[in-house]
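Working notes, beginning with the structure itself.
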Amino acid sequence: MSNDESPNTLFIDGTWQPAGAGGVREIRSPADGTLVTTVSEGDRNDTERAIHAARRTFDDGTWANTSAWDRGDLLLRVSDILVRDQAEFARAESGDTGKRLVESEQDMADIAACFRYFGKLAGINGGDVVDTGSPDSFSRVRYEPVGVCGMITPWNFPLLQVAWKVAPAIAAGDTFVLKPSELTPSTAILLMRALDEAGLPAGVGNLVLGSGPETGALLAEHRDIDLISFTGGLHTGRSIAASAAATVKKVALELGGKNPNVVFADADFDTAVDYALMAVFLHSGQVCSAGARLVVQDDIHDEFVDELVRRTEKIRIGGPYDEDAETGPLISAAHLEKVSAHVAKAVEEGAVLRTGGRRPEGERYANGHYYLPTVLDEVAQGSYAVTEESFGPVLTVERFTDEDDAVRIANDTHYGLAGAVFSSDVSKAQRVAHRLRHGTVWINDFHPYLPQAEWGGYKQSGIGRELGRAGLGEYQEAKHIHQNLRPQPPRWFDGR
Ligand code: NDP
């Protein structure tokens with residue numbers, strides 16, 4: 001396809017446009033390799049134009065000075081459109097990711113809720129008055145937009161990750177340039193159409209598709225971007241933070257985790273096994289908060305792992321529209337290769353492969369990037385298998401003796417995104433939850449998230465927090481305004 005015939009999938013300054021020199025990309029289903037769609041990608045020039053549009057629109061001041069209530073209403077209209085068109089969005093998401101359609105449909109409910117939440121939050125807190133302790137002065141903190149946001153999002157929950165950035169940015173009065181993963185652009189395109197329909201002014205939201213090292217990297221280094229918000233891998237996150245340092249821009253990073261799922265012997269056995277499976281194998285483990293490390297008490301280790309392996313071998317794998325399937329393929333051939341290599345290295349190091357560790361057999365899997373749910377037992381603390389993310393359907397098992405031991409092992413990671421504690425002793429579970437150095441801790445549960453509660457990582461899992469009240473905070477500046485109510489010459493220097 002020549003660039004003249006390329007689809008209009010770049011959205012810059014309120015206009016849909018074809019590819020510049022970036023060319024076109026075919027998006028193929030990870031489930032069977034069939035062609036899903038064709039999109040235009042931007043190059044550095046397109047990205048420059050998008051940044052310029054966002055900068056000019058922000059500096060003009062009209063958008064930033066709209067009423068926060070109006071921006072909130074716009075987000076509520078977007079939420080309504082997402083509900084109205086959820087079937088189209090879910091199908092597009094499953095097409096790009098290979099994710100089961102039912103999961104994409106569930107994601108749509110979370111995405112619409114995210115826009116609704118930030119729509120309602122937008123106008124709530126315009127600022128705070130600060131007590132100066134003096135009748136002769138007046139101080140207040142005013143929340144203002146950060147400016148132009150660069151947003152780089154990954155492929156595992158493509159639209160949800162976009163929603164977590166776009167909704168608070170609009171609520172705060174920022175403008176933005178969004179670059180979704182090159183593997184999963186379809187729902188970002190649909191979202192930009194929804195924003196347009198809901199009345200987002202031209203130049204406020206801009207979409208540039210393209211490769212990370214070109215388009216994404218330019219957002220991170222560009223002097224006209226005030227905040228770079230990134231969700232993805234640790235190594236990419238480090239390079240983005242380093243580029244951002246050159247212009248001292250604000251940085252928000254969510255970089256995944258190696259999340260411990262701590263199971264005490266007094267936990268309800270069936271519940272804990274069931275959650276342990278869901279925690280790690282949901283969406284084939286391609287979840288930043290996946291419970292990829294089972295940390296189980298010695299007393300029940302054998303029985304627990306036997307049952308877990310028995311259940312793992314029953315998991316049904318298939319494509320997005322296969323009603324029988326419980327989980328789907330990995331995102332790409334490259335990622336399949338990475339997960340396979342991860343397991344091979346773990347086994348080489350001494351992990352005991354209890355099940356999985358290979359691709360499933362059969363014609364129906366031949367053209368997809370499938371990998372069997374895998375359990376690696378007896379992994380050594382601090383080993384590669386438990387410190388590095390596989391981001392695939394791979395569970396490692398570590399043992400602990402008592403409460404202190406559980407906390408020590410669960411915290412022995414350079415990540416700190418999420419974790420869980422299973423126990424029927426509520427006091428013990430709360431104690432352990434307090435001591436876990438992870439941004440979110442679930443007790444007798446796994447994976448629920450609430451837009452109204454903070455989401456972010458300790459340690460190398462990230463910088464800043466998304467969602468919650470603080471989620472809007474990432475996209476706002478808090479300006480302290482102090483007024484002297486009796487201005488007089490200060491006479492600091494007496495002039496003699
Ligand atoms: P990346 O971190 O490379 O990709 C995430 C996003 O960053 C994509 O939009 C990507 O664009 C973009 N990107 C890539 N390189 C650069 C760059 N140099 N500058 C700016 N943006 C860039 O993730 P991968 O897909 O390579 O996955 C690697 C690992 O990251 C996974 O195995 C997993 O461990 C982790 N990961 C974590 C996620 C999370 O939710 N925290 C989500 C996805 C992955 P493009 O797609 O065009 O390359």
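Residue numbering restarts at 1 for every chain of the structure tokens, chains are lettered A, B, ... in their displayed order, and ligands are numbered from 1 as they appear.
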Inset, instruction - Compile the contact shell of Arg28 (chain A) as a list of chain:residue names: residues with an atom at most 8 Å away, counting only C-alpha atoms, same-chain residues fewer than 3 positions apart removed. - result: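 After dropping sequence-adjacent residues, the list is A:Gly33, A:Thr34, A:Leu35, A:Val36, A:Thr37, A:Gly95, A:Asp96.
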Legend entry - Spatial neighbours of Glu214 (chain A), max dist 10 Å, only C-alpha atoms, sep filter under 6 positions, as a PyMOL selection string: chain A and resi 22+42-44+47
Could you save those same residues with N, CA, C and O atoms as a CSV table (one decimal), in the first residue's frame?
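Result went into result_6.csv, see below:
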```
chain,number,residue,atom,x,y,z
A,22,GLY,N,6.1,7.5,8.0
A,22,GLY,CA,6.1,6.4,8.9
A,22,GLY,C,5.6,5.1,8.3
A,22,GLY,O,5.9,4.0,8.8
A,42,GLY,N,3.1,7.1,12.4
A,42,GLY,CA,3.8,8.4,12.2
A,42,GLY,C,5.3,8.3,12.3
A,42,GLY,O,5.8,7.3,12.9
A,43,ASP,N,6.0,9.3,11.8
A,43,ASP,CA,7.5,9.3,12.0
A,43,ASP,C,7.8,10.5,12.9
A,43,ASP,O,6.9,11.1,13.6
A,44,ARG,N,9.0,10.9,13.0
A,44,ARG,CA,9.4,12.0,13.9
A,44,ARG,C,8.7,13.3,13.5
A,44,ARG,O,8.3,14.1,14.4
A,47,THR,N,5.2,13.2,14.8
A,47,THR,CA,5.2,13.4,16.2
A,47,THR,C,5.5,14.8,16.6
A,47,THR,O,4.8,15.4,17.5
```
Legend entry - Of the listed residues A:Tyr415, A:Trp16, A:Phe58, A:Phe115, that which approaches ligand 1 most closely, counting only C-alpha atoms and all ligand atoms: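 With only C-alpha atoms and all ligand atoms as the atom set, the closest residue is A:Tyr415.
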Neighbouring residues of ligand 1 are defined here as those with any atom at most 9 Å from a ligand atom, counting only C-alpha atoms and all ligand atoms; list them as a PDB file with N, CA, C and O atoms, in the first residue's frame.
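Writing done, so here's out24.pdb:
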```pdb
ATOM      1  N   MET A 151       2.141  10.458  26.450  1.00  0.00           N
ATOM      2  CA  MET A 151       1.629   9.214  27.046  1.00  0.00           C
ATOM      3  C   MET A 151       2.052   8.034  26.185  1.00  0.00           C
ATOM      4  O   MET A 151       1.765   8.011  24.980  1.00  0.00           O
ATOM      5  N   ILE A 152       2.717   7.080  26.815  1.00  0.00           N
ATOM      6  CA  ILE A 152       3.166   5.885  26.086  1.00  0.00           C
ATOM      7  C   ILE A 152       2.571   4.673  26.794  1.00  0.00           C
ATOM      8  O   ILE A 152       2.778   4.482  27.994  1.00  0.00           O
ATOM      9  N   THR A 153       1.811   3.881  26.049  1.00  0.00           N
ATOM     10  CA  THR A 153       1.051   2.803  26.694  1.00  0.00           C
ATOM     11  C   THR A 153       1.385   1.441  26.077  1.00  0.00           C
ATOM     12  O   THR A 153       1.806   1.365  24.925  1.00  0.00           O
ATOM     13  N   PRO A 154       1.185   0.368  26.840  1.00  0.00           N
ATOM     14  CA  PRO A 154       1.563  -0.975  26.376  1.00  0.00           C
ATOM     15  C   PRO A 154       0.384  -1.746  25.774  1.00  0.00           C
ATOM     16  O   PRO A 154      -0.714  -1.211  25.625  1.00  0.00           O
ATOM     17  N   TRP A 155       0.626  -3.011  25.511  1.00  0.00           N
ATOM     18  CA  TRP A 155      -0.295  -3.827  24.722  1.00  0.00           C
ATOM     19  C   TRP A 155      -1.151  -4.785  25.554  1.00  0.00           C
ATOM     20  O   TRP A 155      -1.995  -5.478  25.002  1.00  0.00           O
ATOM     21  N   ASN A 156      -0.933  -4.878  26.855  1.00  0.00           N
ATOM     22  CA  ASN A 156      -1.630  -5.944  27.598  1.00  0.00           C
ATOM     23  C   ASN A 156      -3.083  -5.601  27.924  1.00  0.00           C
ATOM     24  O   ASN A 156      -3.967  -6.436  27.796  1.00  0.00           O
ATOM     25  N   PHE A 157      -3.319  -4.354  28.363  1.00  0.00           N
ATOM     26  CA  PHE A 157      -4.685  -3.851  28.540  1.00  0.00           C
ATOM     27  C   PHE A 157      -4.733  -2.520  27.776  1.00  0.00           C
ATOM     28  O   PHE A 157      -4.747  -1.445  28.391  1.00  0.00           O
ATOM     29  N   PRO A 158      -4.707  -2.582  26.450  1.00  0.00           N
ATOM     30  CA  PRO A 158      -4.421  -1.375  25.677  1.00  0.00           C
ATOM     31  C   PRO A 158      -5.309  -0.186  26.038  1.00  0.00           C
ATOM     32  O   PRO A 158      -4.805   0.897  26.332  1.00  0.00           O
ATOM     33  N   GLN A 161      -5.184   1.027  29.883  1.00  0.00           N
ATOM     34  CA  GLN A 161      -3.973   1.793  30.191  1.00  0.00           C
ATOM     35  C   GLN A 161      -4.064   3.210  29.619  1.00  0.00           C
ATOM     36  O   GLN A 161      -3.600   4.169  30.248  1.00  0.00           O
ATOM     37  N   LYS A 179       0.833   7.844  22.436  1.00  0.00           N
ATOM     38  CA  LYS A 179       1.403   6.822  21.551  1.00  0.00           C
ATOM     39  C   LYS A 179       1.136   5.435  22.161  1.00  0.00           C
ATOM     40  O   LYS A 179       1.786   5.022  23.109  1.00  0.00           O
ATOM     41  N   PRO A 180       0.165   4.723  21.609  1.00  0.00           N
ATOM     42  CA  PRO A 180      -0.089   3.372  22.128  1.00  0.00           C
ATOM     43  C   PRO A 180       0.940   2.394  21.577  1.00  0.00           C
ATOM     44  O   PRO A 180       1.710   2.736  20.668  1.00  0.00           O
ATOM     45  N   SER A 181       0.941   1.179  22.104  1.00  0.00           N
ATOM     46  CA  SER A 181       1.846   0.153  21.577  1.00  0.00           C
ATOM     47  C   SER A 181       1.567  -0.055  20.095  1.00  0.00           C
ATOM     48  O   SER A 181       0.416  -0.085  19.658  1.00  0.00           O
ATOM     49  N   GLU A 182       2.628  -0.233  19.358  1.00  0.00           N
ATOM     50  CA  GLU A 182       2.470  -0.451  17.907  1.00  0.00           C
ATOM     51  C   GLU A 182       1.698  -1.747  17.629  1.00  0.00           C
ATOM     52  O   GLU A 182       1.154  -1.924  16.543  1.00  0.00           O
ATOM     53  N   LEU A 183       1.648  -2.643  18.611  1.00  0.00           N
ATOM     54  CA  LEU A 183       0.972  -3.931  18.415  1.00  0.00           C
ATOM     55  C   LEU A 183      -0.539  -3.823  18.577  1.00  0.00           C
ATOM     56  O   LEU A 183      -1.280  -4.669  18.086  1.00  0.00           O
ATOM     57  N   THR A 184      -1.007  -2.807  19.317  1.00  0.00           N
ATOM     58  CA  THR A 184      -2.428  -2.756  19.691  1.00  0.00           C
ATOM     59  C   THR A 184      -3.019  -1.340  19.555  1.00  0.00           C
ATOM     60  O   THR A 184      -3.442  -0.748  20.542  1.00  0.00           O
ATOM     61  N   LEU A 209       0.528   7.024  16.085  1.00  0.00           N
ATOM     62  CA  LEU A 209       0.936   5.625  16.127  1.00  0.00           C
ATOM     63  C   LEU A 209       2.377   5.559  15.645  1.00  0.00           C
ATOM     64  O   LEU A 209       2.817   6.405  14.875  1.00  0.00           O
ATOM     65  N   GLY A 210       3.086   4.537  16.095  1.00  0.00           N
ATOM     66  CA  GLY A 210       4.462   4.422  15.630  1.00  0.00           C
ATOM     67  C   GLY A 210       5.304   3.630  16.597  1.00  0.00           C
ATOM     68  O   GLY A 210       4.826   3.207  17.658  1.00  0.00           O
ATOM     69  N   SER A 211       6.552   3.451  16.240  1.00  0.00           N
ATOM     70  CA  SER A 211       7.401   2.576  17.047  1.00  0.00           C
ATOM     71  C   SER A 211       7.886   3.302  18.302  1.00  0.00           C
ATOM     72  O   SER A 211       8.024   4.531  18.318  1.00  0.00           O
ATOM     73  N   GLY A 212       8.140   2.510  19.337  1.00  0.00           N
ATOM     74  CA  GLY A 212       8.618   3.073  20.598  1.00  0.00           C
ATOM     75  C   GLY A 212       9.916   3.838  20.455  1.00  0.00           C
ATOM     76  O   GLY A 212      10.003   5.017  20.844  1.00  0.00           O
ATOM     77  N   PRO A 213      10.946   3.201  19.884  1.00  0.00           N
ATOM     78  CA  PRO A 213      12.243   3.873  19.816  1.00  0.00           C
ATOM     79  C   PRO A 213      12.227   5.156  18.989  1.00  0.00           C
ATOM     80  O   PRO A 213      13.105   6.003  19.142  1.00  0.00           O
ATOM     81  N   GLU A 214      11.231   5.322  18.098  1.00  0.00           N
ATOM     82  CA  GLU A 214      11.188   6.560  17.311  1.00  0.00           C
ATOM     83  C   GLU A 214      10.176   7.532  17.927  1.00  0.00           C
ATOM     84  O   GLU A 214      10.531   8.527  18.556  1.00  0.00           O
ATOM     85  N   THR A 215       8.890   7.188  17.804  1.00  0.00           N
ATOM     86  CA  THR A 215       7.835   8.102  18.247  1.00  0.00           C
ATOM     87  C   THR A 215       7.855   8.283  19.763  1.00  0.00           C
ATOM     88  O   THR A 215       7.821   9.410  20.282  1.00  0.00           O
ATOM     89  N   GLY A 216       7.899   7.140  20.484  1.00  0.00           N
ATOM     90  CA  GLY A 216       7.861   7.210  21.955  1.00  0.00           C
ATOM     91  C   GLY A 216       9.064   7.954  22.505  1.00  0.00           C
ATOM     92  O   GLY A 216       8.945   8.810  23.389  1.00  0.00           O
ATOM     93  N   ALA A 217      10.235   7.632  21.964  1.00  0.00           N
ATOM     94  CA  ALA A 217      11.465   8.246  22.477  1.00  0.00           C
ATOM     95  C   ALA A 217      11.435   9.759  22.293  1.00  0.00           C
ATOM     96  O   ALA A 217      11.899  10.511  23.153  1.00  0.00           O
ATOM     97  N   LEU A 218      10.850  10.223  21.181  1.00  0.00           N
ATOM     98  CA  LEU A 218      10.790  11.673  20.946  1.00  0.00           C
ATOM     99  C   LEU A 218       9.915  12.358  22.006  1.00  0.00           C
ATOM    100  O   LEU A 218      10.239  13.454  22.476  1.00  0.00           O
ATOM    101  N   LEU A 219       8.825  11.698  22.378  1.00  0.00           N
ATOM    102  CA  LEU A 219       7.974  12.278  23.430  1.00  0.00           C
ATOM    103  C   LEU A 219       8.762  12.431  24.728  1.00  0.00           C
ATOM    104  O   LEU A 219       8.641  13.431  25.442  1.00  0.00           O
ATOM    105  N   ALA A 220       9.573  11.419  25.033  1.00  0.00           N
ATOM    106  CA  ALA A 220      10.322  11.446  26.302  1.00  0.00           C
ATOM    107  C   ALA A 220      11.379  12.541  26.321  1.00  0.00           C
ATOM    108  O   ALA A 220      11.661  13.129  27.366  1.00  0.00           O
ATOM    109  N   PHE A 230       4.333   6.852  31.358  1.00  0.00           N
ATOM    110  CA  PHE A 230       4.664   5.613  30.643  1.00  0.00           C
ATOM    111  C   PHE A 230       4.249   4.398  31.449  1.00  0.00           C
ATOM    112  O   PHE A 230       4.465   4.337  32.667  1.00  0.00           O
ATOM    113  N   THR A 231       3.667   3.420  30.779  1.00  0.00           N
ATOM    114  CA  THR A 231       3.441   2.114  31.393  1.00  0.00           C
ATOM    115  C   THR A 231       4.052   1.068  30.475  1.00  0.00           C
ATOM    116  O   THR A 231       3.775   1.064  29.265  1.00  0.00           O
ATOM    117  N   GLY A 232       4.874   0.212  31.040  1.00  0.00           N
ATOM    118  CA  GLY A 232       5.529  -0.802  30.217  1.00  0.00           C
ATOM    119  C   GLY A 232       6.645  -1.466  30.990  1.00  0.00           C
ATOM    120  O   GLY A 232       6.588  -1.574  32.219  1.00  0.00           O
ATOM    121  N   GLY A 233       7.679  -1.877  30.274  1.00  0.00           N
ATOM    122  CA  GLY A 233       8.753  -2.652  30.885  1.00  0.00           C
ATOM    123  C   GLY A 233       9.766  -1.786  31.637  1.00  0.00           C
ATOM    124  O   GLY A 233       9.930  -0.595  31.340  1.00  0.00           O
ATOM    125  N   LEU A 234      10.426  -2.423  32.588  1.00  0.00           N
ATOM    126  CA  LEU A 234      11.399  -1.729  33.443  1.00  0.00           C
ATOM    127  C   LEU A 234      12.533  -1.098  32.618  1.00  0.00           C
ATOM    128  O   LEU A 234      12.912   0.047  32.845  1.00  0.00           O
ATOM    129  N   HIS A 235      13.036  -1.840  31.640  1.00  0.00           N
ATOM    130  CA  HIS A 235      14.199  -1.325  30.895  1.00  0.00           C
ATOM    131  C   HIS A 235      13.818  -0.105  30.059  1.00  0.00           C
ATOM    132  O   HIS A 235      14.549   0.886  30.016  1.00  0.00           O
ATOM    133  N   THR A 236      12.629  -0.183  29.415  1.00  0.00           N
ATOM    134  CA  THR A 236      12.166   0.972  28.644  1.00  0.00           C
ATOM    135  C   THR A 236      11.910   2.142  29.592  1.00  0.00           C
ATOM    136  O   THR A 236      12.247   3.290  29.287  1.00  0.00           O
ATOM    137  N   GLY A 237      11.332   1.843  30.754  1.00  0.00           N
ATOM    138  CA  GLY A 237      11.045   2.892  31.735  1.00  0.00           C
ATOM    139  C   GLY A 237      12.304   3.618  32.173  1.00  0.00           C
ATOM    140  O   GLY A 237      12.311   4.853  32.307  1.00  0.00           O
ATOM    141  N   SER A 239      15.019   3.974  30.426  1.00  0.00           N
ATOM    142  CA  SER A 239      15.556   4.829  29.352  1.00  0.00           C
ATOM    143  C   SER A 239      14.678   6.074  29.195  1.00  0.00           C
ATOM    144  O   SER A 239      15.180   7.168  28.906  1.00  0.00           O
ATOM    145  N   ILE A 240      13.366   5.935  29.423  1.00  0.00           N
ATOM    146  CA  ILE A 240      12.482   7.103  29.339  1.00  0.00           C
ATOM    147  C   ILE A 240      12.815   8.102  30.455  1.00  0.00           C
ATOM    148  O   ILE A 240      12.907   9.308  30.227  1.00  0.00           O
ATOM    149  N   SER A 243      15.961   9.920  29.482  1.00  0.00           N
ATOM    150  CA  SER A 243      15.742  10.956  28.455  1.00  0.00           C
ATOM    151  C   SER A 243      15.032  12.154  29.052  1.00  0.00           C
ATOM    152  O   SER A 243      15.341  13.302  28.720  1.00  0.00           O
ATOM    153  N   LEU A 253       5.747   6.687  35.968  1.00  0.00           N
ATOM    154  CA  LEU A 253       6.092   5.379  35.408  1.00  0.00           C
ATOM    155  C   LEU A 253       5.350   4.272  36.142  1.00  0.00           C
ATOM    156  O   LEU A 253       5.286   4.284  37.369  1.00  0.00           O
ATOM    157  N   GLU A 254       4.827   3.315  35.375  1.00  0.00           N
ATOM    158  CA  GLU A 254       4.311   2.071  35.969  1.00  0.00           C
ATOM    159  C   GLU A 254       5.012   0.931  35.240  1.00  0.00           C
ATOM    160  O   GLU A 254       4.807   0.745  34.041  1.00  0.00           O
ATOM    161  N   LEU A 255       5.873   0.230  35.959  1.00  0.00           N
ATOM    162  CA  LEU A 255       6.824  -0.667  35.298  1.00  0.00           C
ATOM    163  C   LEU A 255       6.659  -2.138  35.659  1.00  0.00           C
ATOM    164  O   LEU A 255       7.599  -2.921  35.575  1.00  0.00           O
ATOM    165  N   GLY A 256       5.463  -2.504  36.083  1.00  0.00           N
ATOM    166  CA  GLY A 256       5.221  -3.934  36.313  1.00  0.00           C
ATOM    167  C   GLY A 256       5.698  -4.402  37.670  1.00  0.00           C
ATOM    168  O   GLY A 256       6.016  -3.603  38.557  1.00  0.00           O
ATOM    169  N   GLY A 257       5.735  -5.711  37.843  1.00  0.00           N
ATOM    170  CA  GLY A 257       6.088  -6.249  39.156  1.00  0.00           C
ATOM    171  C   GLY A 257       6.422  -7.718  39.093  1.00  0.00           C
ATOM    172  O   GLY A 257       6.298  -8.366  38.049  1.00  0.00           O
ATOM    173  N   GLN A 286      -0.024 -11.927  31.308  1.00  0.00           N
ATOM    174  CA  GLN A 286       0.433 -10.631  30.755  1.00  0.00           C
ATOM    175  C   GLN A 286      -0.243  -9.482  31.508  1.00  0.00           C
ATOM    176  O   GLN A 286      -0.942  -8.651  30.925  1.00  0.00           O
ATOM    177  N   VAL A 287      -0.039  -9.476  32.794  1.00  0.00           N
ATOM    178  CA  VAL A 287      -0.694  -8.516  33.686  1.00  0.00           C
ATOM    179  C   VAL A 287       0.391  -7.998  34.629  1.00  0.00           C
ATOM    180  O   VAL A 287       1.116  -8.795  35.241  1.00  0.00           O
ATOM    181  N   CYS A 288       0.497  -6.664  34.742  1.00  0.00           N
ATOM    182  CA  CYS A 288       1.591  -6.119  35.554  1.00  0.00           C
ATOM    183  C   CYS A 288       1.487  -6.556  37.012  1.00  0.00           C
ATOM    184  O   CYS A 288       2.495  -6.714  37.692  1.00  0.00           O
ATOM    185  N   SER A 289       0.256  -6.783  37.489  1.00  0.00           N
ATOM    186  CA  SER A 289       0.081  -7.184  38.889  1.00  0.00           C
ATOM    187  C   SER A 289      -0.100  -8.701  39.032  1.00  0.00           C
ATOM    188  O   SER A 289      -0.569  -9.168  40.074  1.00  0.00           O
ATOM    189  N   ILE A 331       1.158 -12.103  23.229  1.00  0.00           N
ATOM    190  CA  ILE A 331       0.920 -11.001  22.298  1.00  0.00           C
ATOM    191  C   ILE A 331       1.662 -11.166  20.964  1.00  0.00           C
ATOM    192  O   ILE A 331       1.171 -10.756  19.932  1.00  0.00           O
ATOM    193  N   ALA A 334       7.764 -12.643  19.363  1.00  0.00           N
ATOM    194  CA  ALA A 334       8.936 -12.217  20.148  1.00  0.00           C
ATOM    195  C   ALA A 334       8.690 -12.445  21.640  1.00  0.00           C
ATOM    196  O   ALA A 334       9.585 -12.875  22.382  1.00  0.00           O
ATOM    197  N   HIS A 335       7.466 -12.165  22.079  1.00  0.00           N
ATOM    198  CA  HIS A 335       7.175 -12.347  23.505  1.00  0.00           C
ATOM    199  C   HIS A 335       7.135 -13.833  23.865  1.00  0.00           C
ATOM    200  O   HIS A 335       7.613 -14.239  24.935  1.00  0.00           O
ATOM    201  N   LYS A 338      10.536 -14.871  24.387  1.00  0.00           N
ATOM    202  CA  LYS A 338      11.062 -14.359  25.667  1.00  0.00           C
ATOM    203  C   LYS A 338      10.597 -15.231  26.840  1.00  0.00           C
ATOM    204  O   LYS A 338      11.385 -15.570  27.734  1.00  0.00           O
ATOM    205  N   VAL A 339       9.312 -15.603  26.808  1.00  0.00           N
ATOM    206  CA  VAL A 339       8.766 -16.418  27.902  1.00  0.00           C
ATOM    207  C   VAL A 339       9.423 -17.814  27.895  1.00  0.00           C
ATOM    208  O   VAL A 339       9.813 -18.343  28.940  1.00  0.00           O
ATOM    209  N   GLU A 388      13.124 -11.777  37.956  1.00  0.00           N
ATOM    210  CA  GLU A 388      12.821 -11.169  36.654  1.00  0.00           C
ATOM    211  C   GLU A 388      11.407 -11.521  36.214  1.00  0.00           C
ATOM    212  O   GLU A 388      10.973 -12.663  36.355  1.00  0.00           O
ATOM    213  N   GLU A 389      10.705 -10.538  35.641  1.00  0.00           N
ATOM    214  CA  GLU A 389       9.360 -10.769  35.117  1.00  0.00           C
ATOM    215  C   GLU A 389       9.413 -11.678  33.897  1.00  0.00           C
ATOM    216  O   GLU A 389      10.244 -11.461  33.010  1.00  0.00           O
ATOM    217  N   SER A 390       8.534 -12.676  33.844  1.00  0.00           N
ATOM    218  CA  SER A 390       8.398 -13.408  32.571  1.00  0.00           C
ATOM    219  C   SER A 390       7.287 -12.760  31.754  1.00  0.00           C
ATOM    220  O   SER A 390       7.279 -12.790  30.550  1.00  0.00           O
ATOM    221  N   PHE A 391       6.314 -12.171  32.450  1.00  0.00           N
ATOM    222  CA  PHE A 391       5.136 -11.556  31.823  1.00  0.00           C
ATOM    223  C   PHE A 391       4.392 -12.571  30.961  1.00  0.00           C
ATOM    224  O   PHE A 391       3.789 -12.243  29.955  1.00  0.00           O
ATOM    225  N   GLY A 392       4.471 -13.836  31.393  1.00  0.00           N
ATOM    226  CA  GLY A 392       3.751 -14.907  30.712  1.00  0.00           C
ATOM    227  C   GLY A 392       3.103 -15.805  31.750  1.00  0.00           C
ATOM    228  O   GLY A 392       3.137 -15.523  32.954  1.00  0.00           O
ATOM    229  N   SER A 461       9.102  -0.506  40.636  1.00  0.00           N
ATOM    230  CA  SER A 461       7.845  -0.673  39.894  1.00  0.00           C
ATOM    231  C   SER A 461       7.295   0.648  39.389  1.00  0.00           C
ATOM    232  O   SER A 461       6.322   0.646  38.622  1.00  0.00           O
ATOM    233  N   GLY A 462       7.862   1.753  39.818  1.00  0.00           N
ATOM    234  CA  GLY A 462       7.357   2.984  39.223  1.00  0.00           C
ATOM    235  C   GLY A 462       7.637   4.252  39.985  1.00  0.00           C
ATOM    236  O   GLY A 462       8.219   4.238  41.066  1.00  0.00           O
TER     237      GLY A 462
END
```
Legend entry - Residues of region 161-347 of chain A in strand (DSSP E or B), written as a list of chain:residue names: A:Thr175, A:Phe176, A:Val177, A:Leu178, A:Lys179, A:Gly205, A:Asn206, A:Leu207, A:Leu227, A:Ile228, A:Ser229, A:Phe230, A:Thr231, A:Lys250, A:Val251, A:Ala252, A:Leu253, A:Glu254, A:Pro260, A:Asn261, A:Val262, A:Val263, A:Arg293, A:Leu294, A:Val295, A:Val296, A:Gln297, A:Ile317, A:Thr327
Inset, instruction - Find, counting only C-alpha atoms, the residue in A:Pro7, A:Glu363, A:Gly439, A:Ala351 that gets nearest to Tyr384 (chain A). - result: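 Once distances to Tyr384 (chain A) are computed over only C-alpha atoms, the minimum belongs to A:Ala351.
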Legend entry - A:Ile315, A:Val273, A:Ile463, A:Ala433 ranked by distance to Val251 (chain A), top pick (using only C-alpha atoms):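 Under the stated criterion, the closest residue is A:Ile463.
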Inset, instruction - Tell me which protein, DNA and RNA residues are within 9 Å of His438 (chain A), counting only C-alpha atoms, leaving out same-chain ones fewer than 5 positions away, and put them as a count of residues only. - result: 13
